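Enquirer: Following this line is query33.json, made up of JSON, N, CA and C atoms:
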```json
[["chain", "number", "residue", "atom", "x", "y", "z"],
["A", 1, "MET", "N", 89.32, -0.94, -55.53],
["A", 1, "MET", "CA", 89.42, -2.20, -56.20],
["A", 1, "MET", "C", 88.57, -3.26, -55.49],
["A", 2, "LEU", "N", 88.55, -3.19, -54.17],
["A", 2, "LEU", "CA", 87.75, -4.14, -53.40],
["A", 2, "LEU", "C", 86.26, -3.95, -53.68],
["A", 3, "PHE", "N", 85.82, -2.69, -53.74],
["A", 3, "PHE", "CA", 84.42, -2.42, -54.04],
["A", 3, "PHE", "C", 84.05, -2.92, -55.43],
["A", 4, "TYR", "N", 84.92, -2.68, -56.41],
["A", 4, "TYR", "CA", 84.68, -3.15, -57.78],
["A", 4, "TYR", "C", 84.53, -4.66, -57.82],
["A", 5, "THR", "N", 85.36, -5.35, -57.07],
["A", 5, "THR", "CA", 85.31, -6.81, -57.02],
["A", 5, "THR", "C", 84.02, -7.30, -56.37],
["A", 6, "ILE", "N", 83.68, -6.74, -55.23],
["A", 6, "ILE", "CA", 82.47, -7.15, -54.51],
["A", 6, "ILE", "C", 81.23, -6.81, -55.33],
["A", 7, "ALA", "N", 81.19, -5.61, -55.88],
["A", 7, "ALA", "CA", 80.03, -5.20, -56.68],
["A", 7, "ALA", "C", 79.89, -6.05, -57.93],
["A", 8, "GLY", "N", 80.99, -6.33, -58.61],
["A", 8, "GLY", "CA", 80.93, -7.08, -59.86],
["A", 8, "GLY", "C", 80.59, -8.55, -59.70],
["A", 9, "PHE", "N", 81.10, -9.16, -58.64],
["A", 9, "PHE", "CA", 80.87, -10.59, -58.45],
["A", 9, "PHE", "C", 79.64, -10.90, -57.59],
["A", 10, "LEU", "N", 79.33, -10.05, -56.61],
["A", 10, "LEU", "CA", 78.28, -10.38, -55.66],
["A", 10, "LEU", "C", 77.01, -9.53, -55.74],
["A", 11, "ILE", "N", 77.16, -8.24, -55.94],
["A", 11, "ILE", "CA", 76.01, -7.34, -55.89],
["A", 11, "ILE", "C", 75.30, -7.25, -57.24],
["A", 12, "ALA", "N", 76.04, -7.07, -58.31],
["A", 12, "ALA", "CA", 75.44, -6.85, -59.63],
["A", 12, "ALA", "C", 74.67, -8.05, -60.20],
["A", 13, "PRO", "N", 75.14, -9.29, -60.07],
["A", 13, "PRO", "CA", 74.43, -10.40, -60.71],
["A", 13, "PRO", "C", 72.96, -10.55, -60.32],
["A", 14, "PRO", "N", 72.58, -10.51, -59.04],
["A", 14, "PRO", "CA", 71.15, -10.63, -58.75],
["A", 14, "PRO", "C", 70.33, -9.44, -59.26],
["A", 15, "ILE", "N", 70.94, -8.27, -59.27],
["A", 15, "ILE", "CA", 70.25, -7.08, -59.79],
["A", 15, "ILE", "C", 70.05, -7.23, -61.29],
["A", 16, "VAL", "N", 71.08, -7.65, -62.00],
["A", 16, "VAL", "CA", 70.98, -7.86, -63.45],
["A", 16, "VAL", "C", 69.92, -8.91, -63.76],
["A", 17, "ARG", "N", 69.87, -9.98, -62.98],
["A", 17, "ARG", "CA", 68.89, -11.04, -63.21],
["A", 17, "ARG", "C", 67.46, -10.52, -63.08],
["A", 18, "VAL", "N", 67.19, -9.78, -62.02],
["A", 18, "VAL", "CA", 65.84, -9.25, -61.79],
["A", 18, "VAL", "C", 65.46, -8.22, -62.86],
["A", 19, "VAL", "N", 66.37, -7.29, -63.15],
["A", 19, "VAL", "CA", 66.08, -6.25, -64.14],
["A", 19, "VAL", "C", 65.91, -6.85, -65.52],
["A", 20, "ALA", "N", 66.78, -7.78, -65.90],
["A", 20, "ALA", "CA", 66.69, -8.41, -67.23],
["A", 20, "ALA", "C", 65.40, -9.20, -67.37],
["A", 21, "THR", "N", 65.01, -9.91, -66.32],
["A", 21, "THR", "CA", 63.77, -10.69, -66.37],
["A", 21, "THR", "C", 62.57, -9.78, -66.58],
["A", 22, "LYS", "N", 62.49, -8.71, -65.80],
["A", 22, "LYS", "CA", 61.36, -7.78, -65.91],
["A", 22, "LYS", "C", 61.36, -7.06, -67.25],
["A", 23, "ARG", "N", 62.51, -6.60, -67.68],
["A", 23, "ARG", "CA", 62.61, -5.85, -68.94],
["A", 23, "ARG", "C", 62.27, -6.72, -70.14],
["A", 24, "LEU", "N", 62.80, -7.93, -70.18],
["A", 24, "LEU", "CA", 62.50, -8.83, -71.30],
["A", 24, "LEU", "C", 61.02, -9.19, -71.32],
["A", 25, "ALA", "N", 60.44, -9.46, -70.16],
["A", 25, "ALA", "CA", 59.01, -9.79, -70.10],
["A", 25, "ALA", "C", 58.16, -8.63, -70.60],
["A", 26, "LYS", "N", 58.55, -7.42, -70.24],
["A", 26, "LYS", "CA", 57.79, -6.24, -70.67],
["A", 26, "LYS", "C", 57.93, -6.02, -72.18],
["A", 27, "GLU", "N", 59.14, -6.14, -72.70],
["A", 27, "GLU", "CA", 59.39, -5.89, -74.12],
["A", 27, "GLU", "C", 58.81, -6.98, -75.02],
["A", 28, "LEU", "N", 58.88, -8.23, -74.56],
["A", 28, "LEU", "CA", 58.44, -9.36, -75.38],
["A", 28, "LEU", "C", 56.98, -9.74, -75.16],
["A", 29, "HIS", "N", 56.38, -9.21, -74.09],
["A", 29, "HIS", "CA", 55.00, -9.56, -73.72],
["A", 29, "HIS", "C", 54.86, -11.06, -73.52],
["A", 30, "ARG", "N", 55.86, -11.63, -72.87],
["A", 30, "ARG", "CA", 55.89, -13.06, -72.58],
["A", 30, "ARG", "C", 56.47, -13.27, -71.19],
["A", 31, "GLU", "N", 56.18, -14.42, -70.61],
["A", 31, "GLU", "CA", 56.75, -14.78, -69.31],
["A", 31, "GLU", "C", 58.21, -15.16, -69.51],
["A", 32, "VAL", "N", 59.09, -14.56, -68.68],
["A", 32, "VAL", "CA", 60.53, -14.80, -68.79],
["A", 32, "VAL", "C", 61.06, -15.19, -67.41],
["A", 33, "SER", "N", 61.94, -16.18, -67.40],
["A", 33, "SER", "CA", 62.61, -16.54, -66.14],
["A", 33, "SER", "C", 64.09, -16.78, -66.42],
["A", 34, "ILE", "N", 64.90, -16.37, -65.47],
["A", 34, "ILE", "CA", 66.34, -16.58, -65.52],
["A", 34, "ILE", "C", 66.75, -17.18, -64.18],
["A", 35, "ALA", "N", 67.40, -18.33, -64.22],
["A", 35, "ALA", "CA", 67.78, -19.01, -62.98],
["A", 35, "ALA", "C", 68.95, -18.31, -62.28],
["A", 36, "LYS", "N", 69.98, -17.97, -63.04],
["A", 36, "LYS", "CA", 71.18, -17.41, -62.40],
["A", 36, "LYS", "C", 71.98, -16.60, -63.40],
["A", 37, "VAL", "N", 72.57, -15.51, -62.91],
["A", 37, "VAL", "CA", 73.48, -14.68, -63.71],
["A", 37, "VAL", "C", 74.80, -14.62, -62.96],
["A", 38, "ARG", "N", 75.88, -14.86, -63.68],
["A", 38, "ARG", "CA", 77.22, -14.71, -63.12],
["A", 38, "ARG", "C", 77.98, -13.69, -63.96],
["A", 39, "LEU", "N", 78.63, -12.77, -63.30],
["A", 39, "LEU", "CA", 79.43, -11.75, -63.98],
["A", 39, "LEU", "C", 80.88, -11.86, -63.53],
["A", 40, "ASN", "N", 81.79, -11.60, -64.46],
["A", 40, "ASN", "CA", 83.20, -11.49, -64.12],
["A", 40, "ASN", "C", 83.66, -10.11, -64.59],
["A", 41, "PRO", "N", 83.75, -9.15, -63.66],
["A", 41, "PRO", "CA", 84.10, -7.79, -64.07],
["A", 41, "PRO", "C", 85.53, -7.64, -64.58],
["A", 42, "TYR", "N", 86.39, -8.58, -64.28],
["A", 42, "TYR", "CA", 87.78, -8.50, -64.74],
["A", 42, "TYR", "C", 87.94, -9.07, -66.14],
["A", 43, "ALA", "N", 87.15, -10.07, -66.49],
["A", 43, "ALA", "CA", 87.22, -10.66, -67.82],
["A", 43, "ALA", "C", 86.17, -10.08, -68.76],
["A", 44, "PHE", "N", 85.32, -9.18, -68.24],
["A", 44, "PHE", "CA", 84.22, -8.60, -69.02],
["A", 44, "PHE", "C", 83.36, -9.71, -69.62],
["A", 45, "SER", "N", 82.98, -10.66, -68.77],
["A", 45, "SER", "CA", 82.19, -11.79, -69.24],
["A", 45, "SER", "C", 80.94, -11.96, -68.38],
["A", 46, "ALA", "N", 79.96, -12.62, -68.97],
["A", 46, "ALA", "CA", 78.71, -12.91, -68.26],
["A", 46, "ALA", "C", 78.24, -14.30, -68.64],
["A", 47, "THR", "N", 77.66, -14.97, -67.67],
["A", 47, "THR", "CA", 77.06, -16.28, -67.88],
["A", 47, "THR", "C", 75.62, -16.22, -67.40],
["A", 48, "VAL", "N", 74.70, -16.62, -68.26],
["A", 48, "VAL", "CA", 73.28, -16.66, -67.90],
["A", 48, "VAL", "C", 72.86, -18.12, -67.93],
["A", 49, "ARG", "N", 72.33, -18.58, -66.82],
["A", 49, "ARG", "CA", 71.90, -19.98, -66.73],
["A", 49, "ARG", "C", 70.38, -20.03, -66.59],
["A", 50, "GLY", "N", 69.81, -21.00, -67.27],
["A", 50, "GLY", "CA", 68.39, -21.28, -67.12],
["A", 50, "GLY", "C", 67.46, -20.21, -67.64],
["A", 51, "LEU", "N", 67.72, -19.69, -68.83],
["A", 51, "LEU", "CA", 66.81, -18.72, -69.43],
["A", 51, "LEU", "C", 65.64, -19.47, -70.07],
["A", 52, "LEU", "N", 64.43, -19.00, -69.78],
["A", 52, "LEU", "CA", 63.23, -19.57, -70.38],
["A", 52, "LEU", "C", 62.28, -18.44, -70.72],
["A", 53, "ILE", "N", 61.93, -18.35, -72.00],
["A", 53, "ILE", "CA", 60.93, -17.41, -72.47],
["A", 53, "ILE", "C", 59.76, -18.25, -72.97],
["A", 54, "LYS", "N", 58.61, -18.05, -72.36],
["A", 54, "LYS", "CA", 57.44, -18.84, -72.74],
["A", 54, "LYS", "C", 56.65, -18.12, -73.82],
["A", 55, "ASP", "N", 56.05, -18.91, -74.71],
["A", 55, "ASP", "CA", 55.18, -18.37, -75.74],
["A", 55, "ASP", "C", 53.87, -17.94, -75.09],
["A", 56, "LYS", "N", 53.05, -17.25, -75.83],
["A", 56, "LYS", "CA", 51.79, -16.76, -75.27],
["A", 56, "LYS", "C", 50.85, -17.88, -74.87],
["A", 57, "ASP", "N", 51.04, -19.08, -75.43],
["A", 57, "ASP", "CA", 50.21, -20.21, -75.04],
["A", 57, "ASP", "C", 50.81, -21.00, -73.87],
["A", 58, "GLY", "N", 51.90, -20.51, -73.30],
["A", 58, "GLY", "CA", 52.52, -21.13, -72.13],
["A", 58, "GLY", "C", 53.59, -22.15, -72.43],
["A", 59, "GLN", "N", 53.77, -22.50, -73.69],
["A", 59, "GLN", "CA", 54.81, -23.46, -74.09],
["A", 59, "GLN", "C", 56.16, -22.73, -74.18],
["A", 60, "PRO", "N", 57.27, -23.45, -73.98],
["A", 60, "PRO", "CA", 58.59, -22.83, -74.14],
["A", 60, "PRO", "C", 58.77, -22.28, -75.56],
["A", 61, "PHE", "N", 59.26, -21.06, -75.65],
["A", 61, "PHE", "CA", 59.49, -20.40, -76.93],
["A", 61, "PHE", "C", 60.99, -20.36, -77.24],
["A", 62, "VAL", "N", 61.77, -19.85, -76.29],
["A", 62, "VAL", "CA", 63.23, -19.80, -76.39],
["A", 62, "VAL", "C", 63.78, -20.20, -75.04],
["A", 63, "SER", "N", 64.81, -21.03, -75.05],
["A", 63, "SER", "CA", 65.44, -21.39, -73.78],
["A", 63, "SER", "C", 66.87, -21.86, -74.03],
["A", 64, "TRP", "N", 67.65, -21.85, -72.97],
["A", 64, "TRP", "CA", 68.96, -22.48, -72.99],
["A", 64, "TRP", "C", 69.36, -22.80, -71.56],
["A", 65, "ASP", "N", 70.23, -23.79, -71.43],
["A", 65, "ASP", "CA", 70.75, -24.12, -70.11],
["A", 65, "ASP", "C", 71.77, -23.08, -69.67],
["A", 66, "GLU", "N", 72.66, -22.71, -70.61],
["A", 66, "GLU", "CA", 73.69, -21.73, -70.25],
["A", 66, "GLU", "C", 74.16, -21.00, -71.51],
["A", 67, "VAL", "N", 74.40, -19.73, -71.37],
["A", 67, "VAL", "CA", 75.04, -18.94, -72.42],
["A", 67, "VAL", "C", 76.16, -18.14, -71.77],
["A", 68, "TYR", "N", 77.30, -18.10, -72.44],
["A", 68, "TYR", "CA", 78.48, -17.39, -71.95],
["A", 68, "TYR", "C", 78.90, -16.39, -73.01],
["A", 69, "VAL", "N", 79.11, -15.15, -72.59],
["A", 69, "VAL", "CA", 79.55, -14.10, -73.50],
["A", 69, "VAL", "C", 80.76, -13.42, -72.88],
["A", 70, "ASN", "N", 81.82, -13.29, -73.67],
["A", 70, "ASN", "CA", 83.03, -12.60, -73.23],
["A", 70, "ASN", "C", 83.25, -11.42, -74.18],
["A", 71, "LEU", "N", 83.16, -10.21, -73.64],
["A", 71, "LEU", "CA", 83.34, -9.02, -74.45],
["A", 71, "LEU", "C", 84.81, -8.62, -74.50],
["A", 72, "GLY", "N", 85.21, -8.04, -75.59],
["A", 72, "GLY", "CA", 86.58, -7.55, -75.71],
["A", 72, "GLY", "C", 86.80, -6.34, -74.84],
["A", 73, "PHE", "N", 87.98, -6.24, -74.27],
["A", 73, "PHE", "CA", 88.33, -5.13, -73.39],
["A", 73, "PHE", "C", 88.24, -3.78, -74.10],
["A", 74, "PHE", "N", 88.64, -3.73, -75.34],
["A", 74, "PHE", "CA", 88.67, -2.47, -76.07],
["A", 74, "PHE", "C", 87.29, -1.98, -76.48],
["A", 75, "SER", "N", 86.29, -2.82, -76.36],
["A", 75, "SER", "CA", 84.94, -2.36, -76.69],
["A", 75, "SER", "C", 84.47, -1.29, -75.72],
["A", 76, "LEU", "N", 85.07, -1.22, -74.54],
["A", 76, "LEU", "CA", 84.72, -0.16, -73.59],
["A", 76, "LEU", "C", 85.17, 1.21, -74.09],
["A", 77, "PHE", "N", 86.31, 1.26, -74.73],
["A", 77, "PHE", "CA", 86.86, 2.53, -75.19],
["A", 77, "PHE", "C", 86.29, 2.97, -76.53],
["A", 78, "THR", "N", 86.00, 2.03, -77.40],
["A", 78, "THR", "CA", 85.50, 2.38, -78.73],
["A", 78, "THR", "C", 83.98, 2.44, -78.79],
["A", 79, "ARG", "N", 83.32, 2.01, -77.71],
["A", 79, "ARG", "CA", 81.86, 1.98, -77.62],
["A", 79, "ARG", "C", 81.23, 1.14, -78.73],
["A", 80, "THR", "N", 81.94, 0.11, -79.09],
["A", 80, "THR", "CA", 81.41, -0.87, -80.03],
["A", 80, "THR", "C", 81.38, -2.22, -79.32],
["A", 81, "LEU", "N", 80.48, -3.07, -79.75],
["A", 81, "LEU", "CA", 80.37, -4.38, -79.13],
["A", 81, "LEU", "C", 81.31, -5.35, -79.85],
["A", 82, "ALA", "N", 82.34, -5.77, -79.16],
["A", 82, "ALA", "CA", 83.30, -6.72, -79.72],
["A", 82, "ALA", "C", 83.24, -8.00, -78.89],
["A", 83, "VAL", "N", 82.58, -9.00, -79.40],
["A", 83, "VAL", "CA", 82.43, -10.26, -78.69],
["A", 83, "VAL", "C", 83.60, -11.16, -79.02],
["A", 84, "GLN", "N", 84.38, -11.52, -78.01],
["A", 84, "GLN", "CA", 85.51, -12.42, -78.22],
["A", 84, "GLN", "C", 85.08, -13.87, -78.21],
["A", 85, "GLU", "N", 84.09, -14.18, -77.36],
["A", 85, "GLU", "CA", 83.64, -15.57, -77.27],
["A", 85, "GLU", "C", 82.15, -15.58, -76.94],
["A", 86, "PHE", "N", 81.44, -16.48, -77.61],
["A", 86, "PHE", "CA", 80.02, -16.69, -77.37],
["A", 86, "PHE", "C", 79.79, -18.19, -77.40],
["A", 87, "ARG", "N", 79.23, -18.72, -76.32],
["A", 87, "ARG", "CA", 79.03, -20.16, -76.22],
["A", 87, "ARG", "C", 77.70, -20.44, -75.54],
["A", 88, "THR", "N", 76.96, -21.41, -76.04],
["A", 88, "THR", "CA", 75.68, -21.76, -75.43],
["A", 88, "THR", "C", 75.54, -23.28, -75.36],
["A", 89, "THR", "N", 74.80, -23.73, -74.35],
["A", 89, "THR", "CA", 74.53, -25.15, -74.22],
["A", 89, "THR", "C", 73.03, -25.38, -74.17],
["A", 90, "GLN", "N", 72.58, -26.41, -74.83],
["A", 90, "GLN", "CA", 71.18, -26.81, -74.88],
["A", 90, "GLN", "C", 70.25, -25.68, -75.34],
["A", 91, "PRO", "N", 70.54, -25.04, -76.48],
["A", 91, "PRO", "CA", 69.62, -24.01, -76.96],
["A", 91, "PRO", "C", 68.34, -24.64, -77.49],
["A", 92, "PHE", "N", 67.24, -23.92, -77.35],
["A", 92, "PHE", "CA", 65.95, -24.39, -77.85],
["A", 92, "PHE", "C", 65.20, -23.20, -78.43],
["A", 93, "LEU", "N", 64.62, -23.40, -79.59],
["A", 93, "LEU", "CA", 63.81, -22.38, -80.24],
["A", 93, "LEU", "C", 62.58, -23.06, -80.85],
["A", 94, "ARG", "N", 61.42, -22.58, -80.47],
["A", 94, "ARG", "CA", 60.17, -23.13, -80.99],
["A", 94, "ARG", "C", 59.78, -22.36, -82.24],
["A", 95, "VAL", "N", 59.58, -23.07, -83.32],
["A", 95, "VAL", "CA", 59.16, -22.45, -84.58],
["A", 95, "VAL", "C", 57.80, -23.04, -84.95],
["A", 96, "GLN", "N", 56.89, -22.17, -85.32],
["A", 96, "GLN", "CA", 55.55, -22.59, -85.66],
["A", 96, "GLN", "C", 55.07, -21.83, -86.89],
["A", 97, "VAL", "N", 54.48, -22.54, -87.82],
["A", 97, "VAL", "CA", 53.93, -21.90, -89.02],
["A", 97, "VAL", "C", 52.40, -21.89, -88.88],
["A", 98, "ASN", "N", 51.84, -20.71, -88.88],
["A", 98, "ASN", "CA", 50.39, -20.57, -88.80],
["A", 98, "ASN", "C", 49.77, -20.65, -90.19],
["A", 99, "ARG", "N", 48.49, -20.97, -90.24],
["A", 99, "ARG", "CA", 47.80, -21.08, -91.54],
["A", 99, "ARG", "C", 47.76, -19.76, -92.28],
["A", 100, "ASP", "N", 47.67, -18.67, -91.57],
["A", 100, "ASP", "CA", 47.61, -17.36, -92.23],
["A", 100, "ASP", "C", 48.99, -16.86, -92.52]]
```
Could you render the structure as structure tokens?
Expert:
Amino acid sequence: MLFYTIAGFLIAPPIVRVVATKRLAKELHREVSIAKVRLNPYAFSATVRGLLIKDKDGQPFVSWDEVYVNLGFFSLFTRTLAVQEFRTTQPFLRVQVNRD
């Protein structure tokens, strides 16, 4: 139980932040930065702070100050994604219409 607590609160968040940043940048072909990730292994929740995805011209494309997701406990057993709570602050999305 002690290892689960230490791994969930202290070890996993920086690893998740680095892996998510690299994976999103690779998949989206855009510069991605994440300021901080917080995980709560007992509540099955995650908080991502300071996400910024830049457009190919260097301008912000998608960003938010904070997003919080709380997954349902039973989603582990049924292998379905059951989101109990989703909350975001200061979301930003750049929309652009091209001539073509």
Enquirer: From a DSSP pass on the backbone, collect the residues of chain A flagged as strand (DSSP E) and hand them back as a PDB file with N, CA and C atoms, in the coordinates of the input.
Expert:
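File selection30.pdb, as written:
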```pdb
ATOM      1  N   VAL A  32      59.090 -14.560 -68.680  1.00  0.00           N
ATOM      2  CA  VAL A  32      60.530 -14.800 -68.790  1.00  0.00           C
ATOM      3  C   VAL A  32      61.060 -15.190 -67.410  1.00  0.00           C
ATOM      4  N   SER A  33      61.940 -16.180 -67.400  1.00  0.00           N
ATOM      5  CA  SER A  33      62.610 -16.540 -66.140  1.00  0.00           C
ATOM      6  C   SER A  33      64.090 -16.780 -66.420  1.00  0.00           C
ATOM      7  N   ILE A  34      64.900 -16.370 -65.470  1.00  0.00           N
ATOM      8  CA  ILE A  34      66.340 -16.580 -65.520  1.00  0.00           C
ATOM      9  C   ILE A  34      66.750 -17.180 -64.180  1.00  0.00           C
ATOM     10  N   ALA A  35      67.400 -18.330 -64.220  1.00  0.00           N
ATOM     11  CA  ALA A  35      67.780 -19.010 -62.980  1.00  0.00           C
ATOM     12  C   ALA A  35      68.950 -18.310 -62.280  1.00  0.00           C
ATOM     13  N   LYS A  36      69.980 -17.970 -63.040  1.00  0.00           N
ATOM     14  CA  LYS A  36      71.180 -17.410 -62.400  1.00  0.00           C
ATOM     15  C   LYS A  36      71.980 -16.600 -63.400  1.00  0.00           C
ATOM     16  N   VAL A  37      72.570 -15.510 -62.910  1.00  0.00           N
ATOM     17  CA  VAL A  37      73.480 -14.680 -63.710  1.00  0.00           C
ATOM     18  C   VAL A  37      74.800 -14.620 -62.960  1.00  0.00           C
ATOM     19  N   ARG A  38      75.880 -14.860 -63.680  1.00  0.00           N
ATOM     20  CA  ARG A  38      77.220 -14.710 -63.120  1.00  0.00           C
ATOM     21  C   ARG A  38      77.980 -13.690 -63.960  1.00  0.00           C
ATOM     22  N   LEU A  39      78.630 -12.770 -63.300  1.00  0.00           N
ATOM     23  CA  LEU A  39      79.430 -11.750 -63.980  1.00  0.00           C
ATOM     24  C   LEU A  39      80.880 -11.860 -63.530  1.00  0.00           C
ATOM     25  N   ASN A  40      81.790 -11.600 -64.460  1.00  0.00           N
ATOM     26  CA  ASN A  40      83.200 -11.490 -64.120  1.00  0.00           C
ATOM     27  C   ASN A  40      83.660 -10.110 -64.590  1.00  0.00           C
ATOM     28  N   SER A  45      82.980 -10.660 -68.770  1.00  0.00           N
ATOM     29  CA  SER A  45      82.190 -11.790 -69.240  1.00  0.00           C
ATOM     30  C   SER A  45      80.940 -11.960 -68.380  1.00  0.00           C
ATOM     31  N   ALA A  46      79.960 -12.620 -68.970  1.00  0.00           N
ATOM     32  CA  ALA A  46      78.710 -12.910 -68.260  1.00  0.00           C
ATOM     33  C   ALA A  46      78.240 -14.300 -68.640  1.00  0.00           C
ATOM     34  N   THR A  47      77.660 -14.970 -67.670  1.00  0.00           N
ATOM     35  CA  THR A  47      77.060 -16.280 -67.880  1.00  0.00           C
ATOM     36  C   THR A  47      75.620 -16.220 -67.400  1.00  0.00           C
ATOM     37  N   VAL A  48      74.700 -16.620 -68.260  1.00  0.00           N
ATOM     38  CA  VAL A  48      73.280 -16.660 -67.900  1.00  0.00           C
ATOM     39  C   VAL A  48      72.860 -18.120 -67.930  1.00  0.00           C
ATOM     40  N   ARG A  49      72.330 -18.580 -66.820  1.00  0.00           N
ATOM     41  CA  ARG A  49      71.900 -19.980 -66.730  1.00  0.00           C
ATOM     42  C   ARG A  49      70.380 -20.030 -66.590  1.00  0.00           C
ATOM     43  N   GLY A  50      69.810 -21.000 -67.270  1.00  0.00           N
ATOM     44  CA  GLY A  50      68.390 -21.280 -67.120  1.00  0.00           C
ATOM     45  C   GLY A  50      67.460 -20.210 -67.640  1.00  0.00           C
ATOM     46  N   LEU A  51      67.720 -19.690 -68.830  1.00  0.00           N
ATOM     47  CA  LEU A  51      66.810 -18.720 -69.430  1.00  0.00           C
ATOM     48  C   LEU A  51      65.640 -19.470 -70.070  1.00  0.00           C
ATOM     49  N   LEU A  52      64.430 -19.000 -69.780  1.00  0.00           N
ATOM     50  CA  LEU A  52      63.230 -19.570 -70.380  1.00  0.00           C
ATOM     51  C   LEU A  52      62.280 -18.440 -70.720  1.00  0.00           C
ATOM     52  N   ILE A  53      61.930 -18.350 -72.000  1.00  0.00           N
ATOM     53  CA  ILE A  53      60.930 -17.410 -72.470  1.00  0.00           C
ATOM     54  C   ILE A  53      59.760 -18.250 -72.970  1.00  0.00           C
ATOM     55  N   LYS A  54      58.610 -18.050 -72.360  1.00  0.00           N
ATOM     56  CA  LYS A  54      57.440 -18.840 -72.740  1.00  0.00           C
ATOM     57  C   LYS A  54      56.650 -18.120 -73.820  1.00  0.00           C
ATOM     58  N   PRO A  60      57.270 -23.450 -73.980  1.00  0.00           N
ATOM     59  CA  PRO A  60      58.590 -22.830 -74.140  1.00  0.00           C
ATOM     60  C   PRO A  60      58.770 -22.280 -75.560  1.00  0.00           C
ATOM     61  N   PHE A  61      59.260 -21.060 -75.650  1.00  0.00           N
ATOM     62  CA  PHE A  61      59.490 -20.400 -76.930  1.00  0.00           C
ATOM     63  C   PHE A  61      60.990 -20.360 -77.240  1.00  0.00           C
ATOM     64  N   VAL A  62      61.770 -19.850 -76.290  1.00  0.00           N
ATOM     65  CA  VAL A  62      63.230 -19.800 -76.390  1.00  0.00           C
ATOM     66  C   VAL A  62      63.780 -20.200 -75.040  1.00  0.00           C
ATOM     67  N   SER A  63      64.810 -21.030 -75.050  1.00  0.00           N
ATOM     68  CA  SER A  63      65.440 -21.390 -73.780  1.00  0.00           C
ATOM     69  C   SER A  63      66.870 -21.860 -74.030  1.00  0.00           C
ATOM     70  N   TRP A  64      67.650 -21.850 -72.970  1.00  0.00           N
ATOM     71  CA  TRP A  64      68.960 -22.480 -72.990  1.00  0.00           C
ATOM     72  C   TRP A  64      69.360 -22.800 -71.560  1.00  0.00           C
ATOM     73  N   ASP A  65      70.230 -23.790 -71.430  1.00  0.00           N
ATOM     74  CA  ASP A  65      70.750 -24.120 -70.110  1.00  0.00           C
ATOM     75  C   ASP A  65      71.770 -23.080 -69.670  1.00  0.00           C
ATOM     76  N   GLU A  66      72.660 -22.710 -70.610  1.00  0.00           N
ATOM     77  CA  GLU A  66      73.690 -21.730 -70.250  1.00  0.00           C
ATOM     78  C   GLU A  66      74.160 -21.000 -71.510  1.00  0.00           C
ATOM     79  N   VAL A  67      74.400 -19.730 -71.370  1.00  0.00           N
ATOM     80  CA  VAL A  67      75.040 -18.940 -72.420  1.00  0.00           C
ATOM     81  C   VAL A  67      76.160 -18.140 -71.770  1.00  0.00           C
ATOM     82  N   TYR A  68      77.300 -18.100 -72.440  1.00  0.00           N
ATOM     83  CA  TYR A  68      78.480 -17.390 -71.950  1.00  0.00           C
ATOM     84  C   TYR A  68      78.900 -16.390 -73.010  1.00  0.00           C
ATOM     85  N   VAL A  69      79.110 -15.150 -72.590  1.00  0.00           N
ATOM     86  CA  VAL A  69      79.550 -14.100 -73.500  1.00  0.00           C
ATOM     87  C   VAL A  69      80.760 -13.420 -72.880  1.00  0.00           C
ATOM     88  N   ASN A  70      81.820 -13.290 -73.670  1.00  0.00           N
ATOM     89  CA  ASN A  70      83.030 -12.600 -73.230  1.00  0.00           C
ATOM     90  C   ASN A  70      83.250 -11.420 -74.180  1.00  0.00           C
ATOM     91  N   LEU A  71      83.160 -10.210 -73.640  1.00  0.00           N
ATOM     92  CA  LEU A  71      83.340  -9.020 -74.450  1.00  0.00           C
ATOM     93  C   LEU A  71      84.810  -8.620 -74.500  1.00  0.00           C
ATOM     94  N   VAL A  83      82.580  -9.000 -79.400  1.00  0.00           N
ATOM     95  CA  VAL A  83      82.430 -10.260 -78.690  1.00  0.00           C
ATOM     96  C   VAL A  83      83.600 -11.160 -79.020  1.00  0.00           C
ATOM     97  N   GLN A  84      84.380 -11.520 -78.010  1.00  0.00           N
ATOM     98  CA  GLN A  84      85.510 -12.420 -78.220  1.00  0.00           C
ATOM     99  C   GLN A  84      85.080 -13.870 -78.210  1.00  0.00           C
ATOM    100  N   GLU A  85      84.090 -14.180 -77.360  1.00  0.00           N
ATOM    101  CA  GLU A  85      83.640 -15.570 -77.270  1.00  0.00           C
ATOM    102  C   GLU A  85      82.150 -15.580 -76.940  1.00  0.00           C
ATOM    103  N   PHE A  86      81.440 -16.480 -77.610  1.00  0.00           N
ATOM    104  CA  PHE A  86      80.020 -16.690 -77.370  1.00  0.00           C
ATOM    105  C   PHE A  86      79.790 -18.190 -77.400  1.00  0.00           C
ATOM    106  N   ARG A  87      79.230 -18.720 -76.320  1.00  0.00           N
ATOM    107  CA  ARG A  87      79.030 -20.160 -76.220  1.00  0.00           C
ATOM    108  C   ARG A  87      77.700 -20.440 -75.540  1.00  0.00           C
ATOM    109  N   THR A  88      76.960 -21.410 -76.040  1.00  0.00           N
ATOM    110  CA  THR A  88      75.680 -21.760 -75.430  1.00  0.00           C
ATOM    111  C   THR A  88      75.540 -23.280 -75.360  1.00  0.00           C
ATOM    112  N   THR A  89      74.800 -23.730 -74.350  1.00  0.00           N
ATOM    113  CA  THR A  89      74.530 -25.150 -74.220  1.00  0.00           C
ATOM    114  C   THR A  89      73.030 -25.380 -74.170  1.00  0.00           C
ATOM    115  N   PHE A  92      67.240 -23.920 -77.350  1.00  0.00           N
ATOM    116  CA  PHE A  92      65.950 -24.390 -77.850  1.00  0.00           C
ATOM    117  C   PHE A  92      65.200 -23.200 -78.430  1.00  0.00           C
ATOM    118  N   LEU A  93      64.620 -23.400 -79.590  1.00  0.00           N
ATOM    119  CA  LEU A  93      63.810 -22.380 -80.240  1.00  0.00           C
ATOM    120  C   LEU A  93      62.580 -23.060 -80.850  1.00  0.00           C
TER     121      LEU A  93
END
```
Enquirer: Neighbouring residues of A:Phe9 were defined as those with any atom within 7 Å, considering only N, CA and C atoms; residues of the same chain fewer than 5 positions away were excluded. Please report them as a list in words.
Expert: Tyr4, Arg38, Leu39, Asn40 and Pro41 of chain A
Enquirer: Measure the distance from atom CA of A:Ala46 to atom CA of A:Val67 in Å and round it to one decimal.
Expert: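 So the answer is 8.2 Å.
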